[in-house]
file input_25.cif (mmCIF, C-alpha atoms)
data_final
loop_
_atom_site.label_atom_id
_atom_site.label_comp_id
_atom_site.auth_asym_id
_atom_site.auth_seq_id
_atom_site.Cartn_x
_atom_site.Cartn_y
_atom_site.Cartn_z
CA MET A 1 7.40 -35.34 6.12
CA HIS A 2 10.23 -34.08 8.29
CA SER A 3 12.61 -33.06 5.57
CA PHE A 4 14.76 -29.95 5.82
CA GLY A 5 12.62 -28.04 3.36
CA TYR A 6 9.47 -28.89 5.23
CA ARG A 7 10.92 -27.61 8.50
CA VAL A 8 12.19 -24.40 6.93
CA ASN A 9 8.79 -23.81 5.41
CA THR A 10 7.01 -24.33 8.74
CA LEU A 11 9.42 -22.07 10.58
CA LEU A 12 9.13 -19.30 7.99
CA THR A 13 5.35 -19.45 7.87
CA PHE A 14 5.20 -19.31 11.66
CA ALA A 15 7.65 -16.39 11.85
CA ILE A 16 5.79 -14.37 9.23
CA THR A 17 2.42 -15.05 10.82
CA LEU A 18 3.77 -13.97 14.19
CA LEU A 19 5.31 -10.82 12.74
CA GLY A 20 2.04 -9.92 11.02
CA PHE A 21 0.14 -10.55 14.24
CA MET A 22 2.52 -8.32 16.19
CA CYS A 23 2.12 -5.55 13.60
CA GLY A 24 -1.64 -5.86 14.07
CA ILE A 25 -1.33 -5.64 17.86
CA ALA A 26 1.02 -2.65 17.63
CA SER A 27 -1.49 -0.86 15.42
CA PHE A 28 -4.35 -1.81 17.73
CA SER A 29 -2.52 -0.52 20.81
CA ASP A 30 -2.79 3.01 19.37
CA ASN A 31 -6.47 2.93 20.30
CA PHE A 32 -5.63 3.09 24.00
CA ASN A 33 -3.96 6.47 23.64
CA ASN A 34 -6.22 9.35 24.62
CA PRO A 35 -4.48 12.42 23.24
CA THR A 36 -5.13 15.92 24.46
CA PRO A 37 -3.62 18.07 21.72
CA PHE A 38 -3.62 21.82 21.89
CA ALA A 39 -3.44 24.20 18.95
CA GLN A 40 -3.98 27.85 18.24
CA VAL A 41 -3.86 29.50 14.84
CA GLN A 42 -4.43 33.18 14.21
CA VAL A 43 -4.16 35.46 11.23
CA SER A 44 -1.87 38.23 12.39
CA ASN A 45 -1.67 40.22 9.18
CA ILE A 46 -2.74 40.32 5.55
CA ASN A 47 0.37 40.79 3.40
CA TRP A 48 -1.58 41.53 0.27
CA PHE A 49 -4.94 40.77 -1.29
CA GLN A 50 -5.39 40.89 -5.06
CA LYS A 51 -7.23 39.69 -8.10
CA GLN A 52 -4.99 37.74 -10.44
CA PRO A 53 -5.01 38.48 -14.20
CA SER A 54 -6.79 35.13 -14.59
CA GLY A 55 -9.69 36.45 -12.51
CA ASN A 56 -9.04 34.44 -9.37
CA ASP A 57 -8.67 36.10 -5.99
CA GLU A 58 -5.44 35.53 -4.14
CA VAL A 59 -4.53 36.52 -0.62
CA SER A 60 -1.28 36.27 1.29
CA LEU A 61 -1.52 35.90 5.07
CA LYS A 62 0.76 36.02 8.04
CA LEU A 63 -0.08 33.29 10.52
CA ASN A 64 0.61 32.76 14.20
CA ILE A 65 0.68 29.04 14.83
CA SER A 66 1.31 27.43 18.18
CA ALA A 67 0.63 23.83 19.04
CA ASP A 68 1.41 21.07 21.49
CA LEU A 69 0.91 17.69 19.86
CA GLN A 70 3.15 15.67 22.16
CA SER A 71 0.30 13.57 23.49
CA LEU A 72 -0.37 12.23 19.99
CA PHE A 73 2.89 10.31 19.97
CA THR A 74 2.81 6.64 20.92
CA TRP A 75 5.43 3.92 20.62
CA ASN A 76 4.01 3.03 17.18
CA THR A 77 4.23 6.59 15.82
CA LYS A 78 6.71 7.24 13.06
CA GLN A 79 5.82 10.85 12.46
CA ILE A 80 2.98 13.31 12.54
CA PHE A 81 2.00 15.32 9.53
CA VAL A 82 0.34 18.53 10.63
CA PHE A 83 -1.22 21.20 8.45
CA VAL A 84 -3.38 24.27 8.72
CA ALA A 85 -6.18 24.57 6.20
CA ALA A 86 -8.52 27.40 5.33
CA GLU A 87 -12.03 26.08 4.82
CA TYR A 88 -14.80 28.18 3.34
CA GLU A 89 -17.90 28.20 1.17
CA THR A 90 -18.49 30.23 -1.98
CA PRO A 91 -21.52 30.55 -4.27
CA LYS A 92 -19.61 28.43 -6.80
CA ASN A 93 -18.21 25.75 -4.52
CA GLY A 94 -19.97 24.18 -1.57
CA PHE A 95 -16.67 23.30 0.00
CA ASN A 96 -13.19 24.73 -0.42
CA GLN A 97 -10.19 23.56 1.52
CA ILE A 98 -6.76 25.07 1.02
CA SER A 99 -3.72 23.97 2.91
CA LEU A 100 -1.79 27.08 3.98
CA TRP A 101 1.06 25.56 5.89
CA ASP A 102 2.27 22.09 6.81
CA ARG A 103 5.07 20.42 8.67
CA ILE A 104 6.35 16.94 9.40
CA ILE A 105 6.99 16.32 13.09
CA PRO A 106 9.50 13.48 13.35
CA SER A 107 9.62 13.11 17.13
CA LYS A 108 7.93 14.03 20.38
CA GLU A 109 10.56 16.65 21.21
CA ASN A 110 9.56 18.65 18.14
CA ALA A 111 5.84 18.41 18.76
CA LYS A 112 5.60 21.62 20.79
CA PHE A 113 6.21 24.73 18.75
CA SER A 114 5.15 28.28 18.14
CA ILE A 115 5.88 30.06 14.86
CA HIS A 116 5.06 33.20 12.96
CA ILE A 117 5.00 32.52 9.25
CA SER A 118 3.50 33.51 5.87
CA ASN A 119 1.36 30.95 4.10
CA LYS A 120 3.48 28.26 2.48
CA TYR A 121 0.98 27.38 -0.25
CA ARG A 122 -0.83 30.00 -2.28
CA PHE A 123 -4.31 30.88 -1.10
CA ILE A 124 -6.11 31.19 -4.44
CA ASP A 125 -9.85 30.91 -4.87
CA GLN A 126 -11.57 29.41 -7.88
CA GLY A 127 -13.13 32.65 -9.08
CA SER A 128 -13.42 36.02 -7.39
CA ASN A 129 -15.24 35.30 -4.17
CA LEU A 130 -12.78 36.14 -1.42
CA ARG A 131 -13.71 39.78 -0.67
CA GLY A 132 -15.46 39.86 2.70
CA ARG A 133 -15.37 36.06 2.77
CA GLU A 134 -15.34 34.33 6.12
CA PHE A 135 -13.25 31.20 6.50
CA ASN A 136 -12.39 28.71 9.19
CA LEU A 137 -8.85 27.89 10.10
CA THR A 138 -8.47 24.24 11.01
CA MET A 139 -5.44 22.41 12.23
CA HIS A 140 -5.39 18.82 11.00
CA TRP A 141 -2.97 16.10 11.91
CA HIS A 142 -2.30 12.69 10.46
CA VAL A 143 -0.47 10.31 12.73
CA MET A 144 1.60 8.02 10.55
CA PRO A 145 2.36 4.74 12.30
CA LYS A 146 5.45 2.57 12.17
CA THR A 147 3.01 -0.07 11.03
CA GLY A 148 -0.74 -0.34 10.69
CA LYS A 149 -3.55 2.16 10.51
CA THR A 150 -3.17 5.90 10.00
CA ASN A 151 -5.08 8.03 12.49
CA ALA A 152 -6.23 11.57 11.85
CA GLY A 153 -7.75 14.37 13.84
CA LYS A 154 -8.40 18.10 13.78
CA LEU A 155 -9.10 21.19 15.81
CA VAL A 156 -11.29 23.91 14.33
CA MET A 157 -10.28 27.49 15.21
CA SER A 158 -12.42 30.54 15.27
CA GLY A 159 -13.25 32.01 11.89
CA TYR A 160 -11.64 34.97 10.18
CA GLN A 161 -13.20 37.44 7.78
CA LEU A 162 -11.21 38.74 4.85
CA PRO A 163 -11.37 42.50 4.13
CA LYS A 164 -14.04 43.83 1.78
CA GLU A 165 -11.49 45.52 -0.51
CA TYR A 166 -8.28 44.40 -2.22
CA ARG A 167 -5.11 45.78 -0.75
CA MET B 168 26.42 -93.65 -17.04
CA ARG B 169 24.07 -93.47 -14.13
CA MET B 170 26.02 -90.71 -12.53
CA LEU B 171 25.93 -88.80 -15.73
CA THR B 172 22.14 -88.93 -16.05
CA ARG B 173 21.72 -87.83 -12.48
CA GLN B 174 24.01 -84.94 -13.05
CA LYS B 175 22.12 -84.06 -16.19
CA GLU B 176 18.83 -84.24 -14.39
CA LYS B 177 20.14 -82.02 -11.64
CA LYS B 178 21.33 -79.55 -14.20
CA ARG B 179 17.98 -79.58 -15.93
CA GLU B 180 16.24 -79.03 -12.63
CA LYS B 181 18.50 -76.08 -11.88
CA GLU B 182 17.84 -74.63 -15.28
CA LYS B 183 14.13 -74.96 -14.81
CA GLY B 184 14.28 -73.24 -11.41
CA ARG B 185 16.30 -70.40 -12.78
CA ARG B 186 13.92 -69.85 -15.65
CA GLU B 187 11.01 -69.90 -13.24
CA ARG B 188 12.66 -67.34 -11.04
CA GLU B 189 13.50 -65.16 -13.98
CA ARG B 190 9.92 -65.25 -15.18
CA GLU B 191 8.73 -64.32 -11.72
CA ARG B 192 11.11 -61.46 -11.61
CA MET B 193 9.97 -60.22 -15.01
CA GLU B 194 6.41 -60.45 -13.85
CA TRP B 195 7.20 -58.46 -10.75
CA ILE B 196 8.99 -55.76 -12.71
CA ARG B 197 6.12 -55.50 -15.15
CA GLU B 198 3.63 -55.19 -12.33
CA SER B 199 5.57 -52.65 -10.42
CA VAL B 200 6.15 -50.57 -13.56
CA ALA B 201 2.45 -50.60 -14.20
CA SER B 202 1.66 -49.62 -10.63
CA VAL B 203 4.26 -46.87 -10.62
CA ARG B 204 2.85 -45.59 -13.86
CA SER B 205 -0.66 -45.40 -12.49
CA ILE B 206 0.54 -43.77 -9.27
CA GLN B 207 2.52 -41.15 -11.15
CA PHE B 208 -0.46 -40.37 -13.31
CA ARG B 209 -2.66 -39.88 -10.27
CA GLN B 210 -0.03 -37.90 -8.45
CA LEU B 211 0.48 -35.65 -11.42
CA LEU B 212 -3.24 -35.03 -11.50
CA THR B 213 -3.42 -34.18 -7.78
CA GLN B 214 -0.43 -31.91 -8.13
CA ALA B 215 -1.99 -30.12 -11.06
CA VAL B 216 -5.17 -29.69 -9.03
CA SER B 217 -3.28 -28.37 -6.00
CA LEU B 218 -1.34 -25.94 -8.19
CA GLY B 219 -4.61 -24.77 -9.69
CA LEU B 220 -6.04 -24.40 -6.18
CA ILE B 221 -3.15 -22.19 -5.10
CA VAL B 222 -3.49 -19.96 -8.16
CA THR B 223 -7.26 -19.66 -7.90
CA SER B 224 -7.24 -19.00 -4.14
CA ALA B 225 -4.69 -16.22 -4.67
CA LEU B 226 -7.00 -14.79 -7.34
CA ILE B 227 -10.01 -15.10 -5.02
CA ILE B 228 -8.20 -13.27 -2.21
CA TRP B 229 -7.16 -10.46 -4.57
CA LYS B 230 -10.63 -10.09 -6.09
CA GLY B 231 -12.21 -10.32 -2.63
CA LEU B 232 -9.97 -7.51 -1.43
CA MET B 233 -11.01 -5.50 -4.48
CA CYS B 234 -14.67 -5.90 -3.54
CA PHE B 235 -14.02 -5.22 0.12
CA THR B 236 -11.95 -2.08 -0.33
CA GLY B 237 -13.73 -0.79 -3.41
CA SER B 238 -10.40 -0.01 -5.03
CA GLU B 239 -9.22 -1.57 -8.25
CA SER B 240 -5.82 -2.20 -6.71
CA PRO B 241 -6.20 -2.66 -2.95
CA VAL B 242 -2.48 -2.85 -2.25
CA VAL B 243 0.22 -0.66 -3.79
CA VAL B 244 3.96 -0.55 -3.41
CA VAL B 245 5.64 2.82 -2.92
CA LEU B 246 8.12 3.25 -5.76
CA SER B 247 9.61 6.69 -5.15
CA GLY B 248 10.90 8.70 -2.24
CA SER B 249 8.55 11.63 -2.78
CA MET B 250 6.65 10.89 0.43
CA GLU B 251 9.69 10.38 2.64
CA PRO B 252 10.10 10.10 5.56
CA GLY B 253 6.51 8.87 5.87
CA PHE B 254 6.63 6.31 3.13
CA LYS B 255 9.89 4.94 1.84
CA ARG B 256 10.52 3.03 -1.33
CA GLY B 257 9.44 -0.57 -0.81
CA ASP B 258 6.68 0.11 1.72
CA ILE B 259 3.23 -1.29 1.15
CA LEU B 260 0.05 0.77 1.36
CA PHE B 261 -3.46 -0.55 1.80
CA LEU B 262 -5.99 1.43 -0.15
CA HIS B 263 -9.63 2.06 0.49
CA MET B 264 -12.03 3.74 -1.90
CA SER B 265 -15.24 4.83 -0.27
CA LYS B 266 -17.92 7.28 -1.32
CA ASP B 267 -16.67 9.70 1.34
CA PRO B 268 -15.61 13.05 -0.08
CA ILE B 269 -11.90 13.63 -0.61
CA ARG B 270 -10.38 16.04 1.88
CA ALA B 271 -7.05 17.79 2.28
CA GLY B 272 -4.40 15.87 4.17
CA GLU B 273 -5.47 12.49 2.86
CA ILE B 274 -2.93 10.44 1.00
CA VAL B 275 -4.41 9.36 -2.31
CA VAL B 276 -3.22 7.14 -5.11
CA PHE B 277 -3.99 8.59 -8.50
CA ASN B 278 -3.49 7.85 -12.15
CA VAL B 279 -2.56 10.60 -14.57
CA ASP B 280 -3.46 10.28 -18.26
CA GLY B 281 -0.40 9.26 -20.21
CA ARG B 282 1.38 7.87 -17.17
CA GLU B 283 1.41 4.18 -16.51
CA ILE B 284 2.49 4.12 -12.88
CA PRO B 285 0.10 5.46 -10.25
CA ILE B 286 1.38 8.13 -7.85
CA VAL B 287 0.94 8.25 -4.07
CA HIS B 288 0.76 11.85 -2.81
CA ARG B 289 -1.06 14.01 -0.30
CA VAL B 290 -4.02 16.25 -1.07
CA ILE B 291 -3.38 19.91 -0.26
CA LYS B 292 -6.29 21.67 -1.95
CA VAL B 293 -9.91 20.72 -2.51
CA HIS B 294 -12.65 22.62 -4.35
CA GLU B 295 -15.98 20.86 -4.38
CA ARG B 296 -19.03 21.94 -6.39
CA GLU B 297 -22.21 21.93 -4.34
CA ASP B 298 -24.71 20.99 -7.04
CA THR B 299 -22.84 18.37 -9.04
CA GLY B 300 -20.43 17.18 -6.36
CA LYS B 301 -17.62 17.52 -8.91
CA VAL B 302 -14.35 17.90 -7.12
CA ASP B 303 -11.03 19.56 -8.02
CA VAL B 304 -8.05 18.28 -6.10
CA LEU B 305 -4.42 19.34 -5.96
CA THR B 306 -1.76 17.04 -4.55
CA LYS B 307 1.83 17.29 -3.41
CA GLY B 308 4.49 14.87 -2.25
CA ASP B 309 5.59 15.54 1.33
CA ASN B 310 9.23 15.40 0.28
CA ASN B 311 8.77 17.45 -2.92
CA TYR B 312 9.33 21.16 -3.01
CA GLY B 313 6.41 22.12 -5.24
CA ASP B 314 2.95 20.82 -5.94
CA ASP B 315 2.07 18.18 -8.51
CA ILE B 316 0.84 20.35 -11.40
CA VAL B 317 4.10 19.56 -13.19
CA LEU B 318 3.33 15.83 -12.91
CA TYR B 319 -0.18 16.09 -14.33
CA ALA B 320 -0.93 15.83 -18.02
CA ASP B 321 -0.27 18.89 -20.21
CA GLY B 322 -2.67 21.68 -19.32
CA GLN B 323 -4.22 19.73 -16.49
CA ARG B 324 -4.45 21.77 -13.30
CA TRP B 325 -6.62 19.60 -11.09
CA LEU B 326 -7.27 15.96 -10.36
CA HIS B 327 -10.85 14.74 -10.51
CA ARG B 328 -12.65 11.89 -8.88
CA HIS B 329 -11.99 9.43 -11.72
CA HIS B 330 -8.23 9.89 -11.47
CA ILE B 331 -8.17 8.71 -7.88
CA MET B 332 -7.86 4.99 -7.25
CA GLY B 333 -8.09 5.09 -3.48
CA ARG B 334 -6.80 6.61 -0.30
CA ALA B 335 -4.11 5.05 1.83
CA VAL B 336 -5.48 3.78 5.13
CA GLY B 337 -2.81 1.35 6.30
CA PHE B 338 0.89 0.85 6.05
CA LEU B 339 3.32 -2.05 6.20
CA PRO B 340 7.06 -1.40 5.91
CA TYR B 341 9.60 -3.16 3.65
CA VAL B 342 7.34 -5.90 2.26
CA GLY B 343 7.12 -4.23 -1.14
CA TRP B 344 10.82 -4.79 -1.81
CA VAL B 345 9.94 -8.27 -3.04
CA THR B 346 7.93 -6.86 -5.94
CA ILE B 347 10.41 -4.08 -6.63
CA ILE B 348 13.24 -6.58 -6.94
CA MET B 349 11.13 -8.87 -9.09
CA THR B 350 10.09 -6.13 -11.52
CA GLU B 351 13.59 -4.72 -11.79
CA LYS B 352 15.36 -8.07 -12.09
CA PRO B 353 12.99 -10.36 -14.03
CA ILE B 354 15.46 -13.27 -13.87
CA ILE B 355 14.91 -13.53 -10.12
CA LYS B 356 11.18 -13.61 -10.74
CA TYR B 357 11.49 -16.50 -13.20
CA ILE B 358 13.84 -18.41 -10.88
CA LEU B 359 11.43 -17.92 -7.98
CA ILE B 360 8.38 -18.96 -9.98
CA GLY B 361 10.25 -21.97 -11.35
CA ALA B 362 11.46 -23.05 -7.92
CA LEU B 363 8.01 -22.67 -6.40
CA GLY B 364 6.40 -24.59 -9.26
CA LEU B 365 8.97 -27.35 -8.89
CA LEU B 366 8.36 -27.48 -5.16
CA VAL B 367 4.62 -27.82 -5.66
CA ILE B 368 5.02 -30.51 -8.31
CA THR B 369 7.60 -32.57 -6.40
CA SER B 370 5.99 -32.31 -2.97
CA LYS B 371 4.36 -35.58 -1.88
CA ASP B 372 1.62 -34.13 0.29
#
call {"tool": "encode", "arguments": {"input": "input_25.cif", "output": "structure tokens"}}
result
Amino acid sequence: MHSFGYRVNTLLTFAITLLGFMCGIASFSDNFNNPTPFAQVQVSNINWFQKQPSGNDEVSLKLNISADLQSLFTWNTKQIFVFVAAEYETPKNGFNQISLWDRIIPSKENAKFSIHISNKYRFIDQGSNLRGREFNLTMHWHVMPKTGKTNAGKLVMSGYQLPKEYR
Amino acid sequence: MRMLTRQKEKKREKEKGRRERERERMEWIRESVASVRSIQFRQLLTQAVSLGLIVTSALIIWKGLMCFTGSESPVVVVLSGSMEPGFKRGDILFLHMSKDPIRAGEIVVFNVDGREIPIVHRVIKVHEREDTGKVDVLTKGDNNYGDDIVLYADGQRWLHRHHIMGRAVGFLPYVGWVTIIMTEKPIIKYILIGALGLLVITSKD
């Protein structure tokens, strides 16, 4: 009943249960954070706009991105994954979402930034539907915890209309 | 003469007593052996039942999780560093597979034809058909330079719904190392299973 093995087993079970419980509490405490993130994304220029040999439209954009995501950080935050996506509708697809740029923010100090950058991932449509197409720019973030549940959020920017002709 | 008979009688008496005691002892041994035998048989049975209980309850928990999360493998272990620094090798992810549409930014676990091990990467592009709801998805590892087209099967450019096993909703660090060590060093697995089995069989409770 009170052998060494029995005691070790009890101690280990208790320690693991406690650790799991604390992980749960840490994850739950994220709910008390009311973040007030700020973000602004604008298309400053169209580098080029073409139809690929395969028949798909492709556009290259220059983006102005500024954001302050410091309030998203809590003590249980490992990092924040932030990305800007173009979201639009075409006759073929009811929903298209293309990530144009992303970044991993490892700490609160790096969560306030302002950059001027070309799209990191290619903006290619399925088909040739981009001329004159209007799309929404949305900044999404995924807060990755040290332990527990992942939280996500987004801010939708004003739309942008692509030119009617290739260039 | 008289002395002699008395001595003899005494001796006989002694002999008799000894034989009696010996018989008693034999009886006792036989009884105790029988009782020990029956106890061991019962104990063995209870131990087999408790072992079966442990195995079946583990199975019930796993299958229950499968029902609850809607994913065929509710918990996965991260095996590569392609999602670092978010997910390191040995971290555990909890998956959830709902009917909700797949969207960019979500971390999904997918199977590629011809590849045995599922991959955990982030969705960067989504094209969804309005009428059929068919969806084309492109993924990328946070720590990888390029997207995942090179990882897909030959000629495959997009992932579809049936490739995706679930999306990661929760995260627990380090715990997965146990399974990584056990799959990479099977001897440790056998030792562990043997020791646990022995513990269950020898425990008196």
call {"tool": "closest_atom_pairs", "arguments": {"input": "input_25.cif", "of": "chain A", "to": "chain B", "cutoff": "8 Å", "atoms": "all atoms listed in the file", "output": "JSON lines"}}
result
{"residue": "A:Lys78", "atom": "CA", "partner": "B:Gly253", "partner_atom": "CA", "distance": 7.4}
{"residue": "A:Gln79", "atom": "CA", "partner": "B:Gly253", "partner_atom": "CA", "distance": 6.9}
{"residue": "A:Phe83", "atom": "CA", "partner": "B:Gly272", "partner_atom": "CA", "distance": 7.5}
{"residue": "A:Ala85", "atom": "CA", "partner": "B:Ala271", "partner_atom": "CA", "distance": 7.9}
{"residue": "A:Lys92", "atom": "CA", "partner": "B:Arg296", "partner_atom": "CA", "distance": 6.5}
{"residue": "A:Asn93", "atom": "CA", "partner": "B:Arg296", "partner_atom": "CA", "distance": 4.3}
{"residue": "A:Gly94", "atom": "CA", "partner": "B:Glu297", "partner_atom": "CA", "distance": 4.2}
{"residue": "A:Phe95", "atom": "CA", "partner": "B:Glu295", "partner_atom": "CA", "distance": 5.1}
{"residue": "A:Asn96", "atom": "CA", "partner": "B:His294", "partner_atom": "CA", "distance": 4.5}
{"residue": "A:Gln97", "atom": "CA", "partner": "B:Val293", "partner_atom": "CA", "distance": 4.9}
{"residue": "A:Ile98", "atom": "CA", "partner": "B:Lys292", "partner_atom": "CA", "distance": 4.5}
{"residue": "A:Ser99", "atom": "CA", "partner": "B:Ile291", "partner_atom": "CA", "distance": 5.2}
{"residue": "A:Gln126", "atom": "CA", "partner": "B:His294", "partner_atom": "CA", "distance": 7.7}
{"residue": "A:His140", "atom": "CA", "partner": "B:Gly272", "partner_atom": "CA", "distance": 7.5}
{"residue": "A:Trp141", "atom": "CA", "partner": "B:Gly272", "partner_atom": "CA", "distance": 7.9}
{"residue": "A:His142", "atom": "CA", "partner": "B:Gly272", "partner_atom": "CA", "distance": 7.4}
{"residue": "A:Met144", "atom": "CA", "partner": "B:Gly253", "partner_atom": "CA", "distance": 6.8}
{"residue": "A:Pro145", "atom": "CA", "partner": "B:Phe338", "partner_atom": "CA", "distance": 7.5}
{"residue": "A:Lys146", "atom": "CA", "partner": "B:Pro340", "partner_atom": "CA", "distance": 7.6}
{"residue": "A:Thr147", "atom": "CA", "partner": "B:Leu339", "partner_atom": "CA", "distance": 5.2}
{"residue": "A:Gly148", "atom": "CA", "partner": "B:Phe338", "partner_atom": "CA", "distance": 5.1}
{"residue": "A:Lys149", "atom": "CA", "partner": "B:Gly337", "partner_atom": "CA", "distance": 4.4}
{"residue": "A:Thr150", "atom": "CA", "partner": "B:Val336", "partner_atom": "CA", "distance": 5.8}
call {"tool": "resolve_selection", "arguments": {"input": "input_25.cif", "expression": "the PyMOL selection byres ((chain A and resi 129) around 9)", "output": "PyMOL selection string"}}
result
chain A and resi 56-57+90-92+125-128+130-133
call {"tool": "atom_distance", "arguments": {"input": "input_25.cif", "atom1": "atom CA of B:Lys356", "atom2": "atom CA of A:Arg7"}}
result
23.8 Å
call {"tool": "resolve_selection", "arguments": {"input": "input_25.cif", "expression": "the PyMOL selection byres ((chain B and resi 248) around 12)", "output": "PyMOL selection string"}}
result
chain B and resi 244-247+249-258+286-288+308-311
call {"tool": "closest_residue", "arguments": {"input": "input_25.cif", "among": "A:Ser158, A:Ser107, A:Ser54, A:Thr13", "to": "A:Ala86", "atoms": "all atoms listed in the file"}}
result
A:Ser158
call {"tool": "resolve_selection", "arguments": {"input": "input_25.cif", "expression": "the PyMOL selection byres ((chain A and resi 123) around 7)", "output": "list in words"}}
result
Glu58, Val59, Ser60, Ile98, Leu100, Tyr121, Arg122, Ile124 and Asp125 of chain A
call {"tool": "write_last_selection", "arguments": {"input": "input_25.cif", "atoms": "C-alpha atoms", "output": "JSON list (two decimals), keeping the file's coordinate frame"}}
result
[["chain", "number", "residue", "atom", "x", "y", "z"],
["A", 58, "GLU", "CA", -5.44, 35.53, -4.14],
["A", 59, "VAL", "CA", -4.53, 36.52, -0.62],
["A", 60, "SER", "CA", -1.28, 36.27, 1.29],
["A", 98, "ILE", "CA", -6.76, 25.07, 1.02],
["A", 100, "LEU", "CA", -1.79, 27.08, 3.98],
["A", 121, "TYR", "CA", 0.98, 27.38, -0.25],
["A", 122, "ARG", "CA", -0.83, 30.00, -2.28],
["A", 124, "ILE", "CA", -6.11, 31.19, -4.44],
["A", 125, "ASP", "CA", -9.85, 30.91, -4.87]]
call {"tool": "residues_around", "arguments": {"input": "input_25.cif", "residues": "B:Met264", "least_positions_apart": "5", "cutoff": "7 Å", "atoms": "all atoms listed in the file", "output": "list in words"}}
result
Thr236, Gly237, Ser238, Met332, Gly333 and Arg334 of chain B
call {"tool": "residues_near_point", "arguments": {"input": "input_25.cif", "point": "(3.2, 17.3, 17.6)", "cutoff": "10 Å", "atoms": "only C-alpha atoms", "output": "PyMOL selection string"}}
result
chain A and resi 37-39+67-73+79-82+103-113+141+143
call {"tool": "atom_distance", "arguments": {"input": "input_25.cif", "atom1": "atom CA of A:Lys164", "atom2": "atom CA of A:Gln50"}}
result
11.4 Å
call {"tool": "decode", "arguments": {"input": "input_25.cif", "residues": "stretch 44-55 of chain A", "atoms": "N, CA and C atoms", "output": "PDB file, in the first residue's frame"}}
result
ATOM      1  N   SER A  44      -0.178  50.766 -52.796  1.00  0.00           N
ATOM      2  CA  SER A  44       0.417  52.030 -53.205  1.00  0.00           C
ATOM      3  C   SER A  44       0.725  52.047 -54.695  1.00  0.00           C
ATOM      4  N   ASN A  45       0.919  50.876 -55.267  1.00  0.00           N
ATOM      5  CA  ASN A  45       1.274  50.849 -56.688  1.00  0.00           C
ATOM      6  C   ASN A  45       1.017  49.458 -57.269  1.00  0.00           C
ATOM      7  N   ILE A  46       0.764  49.422 -58.582  1.00  0.00           N
ATOM      8  CA  ILE A  46       0.691  48.122 -59.257  1.00  0.00           C
ATOM      9  C   ILE A  46       1.965  47.963 -60.073  1.00  0.00           C
ATOM     10  N   ASN A  47       2.796  47.001 -59.692  1.00  0.00           N
ATOM     11  CA  ASN A  47       4.074  46.798 -60.387  1.00  0.00           C
ATOM     12  C   ASN A  47       3.843  46.342 -61.814  1.00  0.00           C
ATOM     13  N   TRP A  48       3.044  45.317 -61.964  1.00  0.00           N
ATOM     14  CA  TRP A  48       2.644  44.865 -63.287  1.00  0.00           C
ATOM     15  C   TRP A  48       1.385  44.010 -63.171  1.00  0.00           C
ATOM     16  N   PHE A  49       0.716  43.843 -64.304  1.00  0.00           N
ATOM     17  CA  PHE A  49      -0.574  43.161 -64.321  1.00  0.00           C
ATOM     18  C   PHE A  49      -0.672  42.432 -65.656  1.00  0.00           C
ATOM     19  N   GLN A  50      -0.634  41.101 -65.619  1.00  0.00           N
ATOM     20  CA  GLN A  50      -0.538  40.352 -66.869  1.00  0.00           C
ATOM     21  C   GLN A  50      -1.410  39.111 -66.870  1.00  0.00           C
ATOM     22  N   LYS A  51      -1.525  38.552 -68.094  1.00  0.00           N
ATOM     23  CA  LYS A  51      -2.141  37.248 -68.223  1.00  0.00           C
ATOM     24  C   LYS A  51      -1.018  36.256 -68.475  1.00  0.00           C
ATOM     25  N   GLN A  52      -0.976  35.224 -67.653  1.00  0.00           N
ATOM     26  CA  GLN A  52       0.074  34.209 -67.817  1.00  0.00           C
ATOM     27  C   GLN A  52      -0.195  33.382 -69.075  1.00  0.00           C
ATOM     28  N   PRO A  53       0.830  32.714 -69.611  1.00  0.00           N
ATOM     29  CA  PRO A  53       0.617  31.805 -70.748  1.00  0.00           C
ATOM     30  C   PRO A  53      -0.448  30.742 -70.433  1.00  0.00           C
ATOM     31  N   SER A  54      -0.573  30.364 -69.167  1.00  0.00           N
ATOM     32  CA  SER A  54      -1.552  29.343 -68.795  1.00  0.00           C
ATOM     33  C   SER A  54      -2.978  29.872 -68.816  1.00  0.00           C
ATOM     34  N   GLY A  55      -3.129  31.198 -68.953  1.00  0.00           N
ATOM     35  CA  GLY A  55      -4.469  31.771 -69.025  1.00  0.00           C
ATOM     36  C   GLY A  55      -4.941  32.392 -67.728  1.00  0.00           C
TER      37      GLY A  55
END
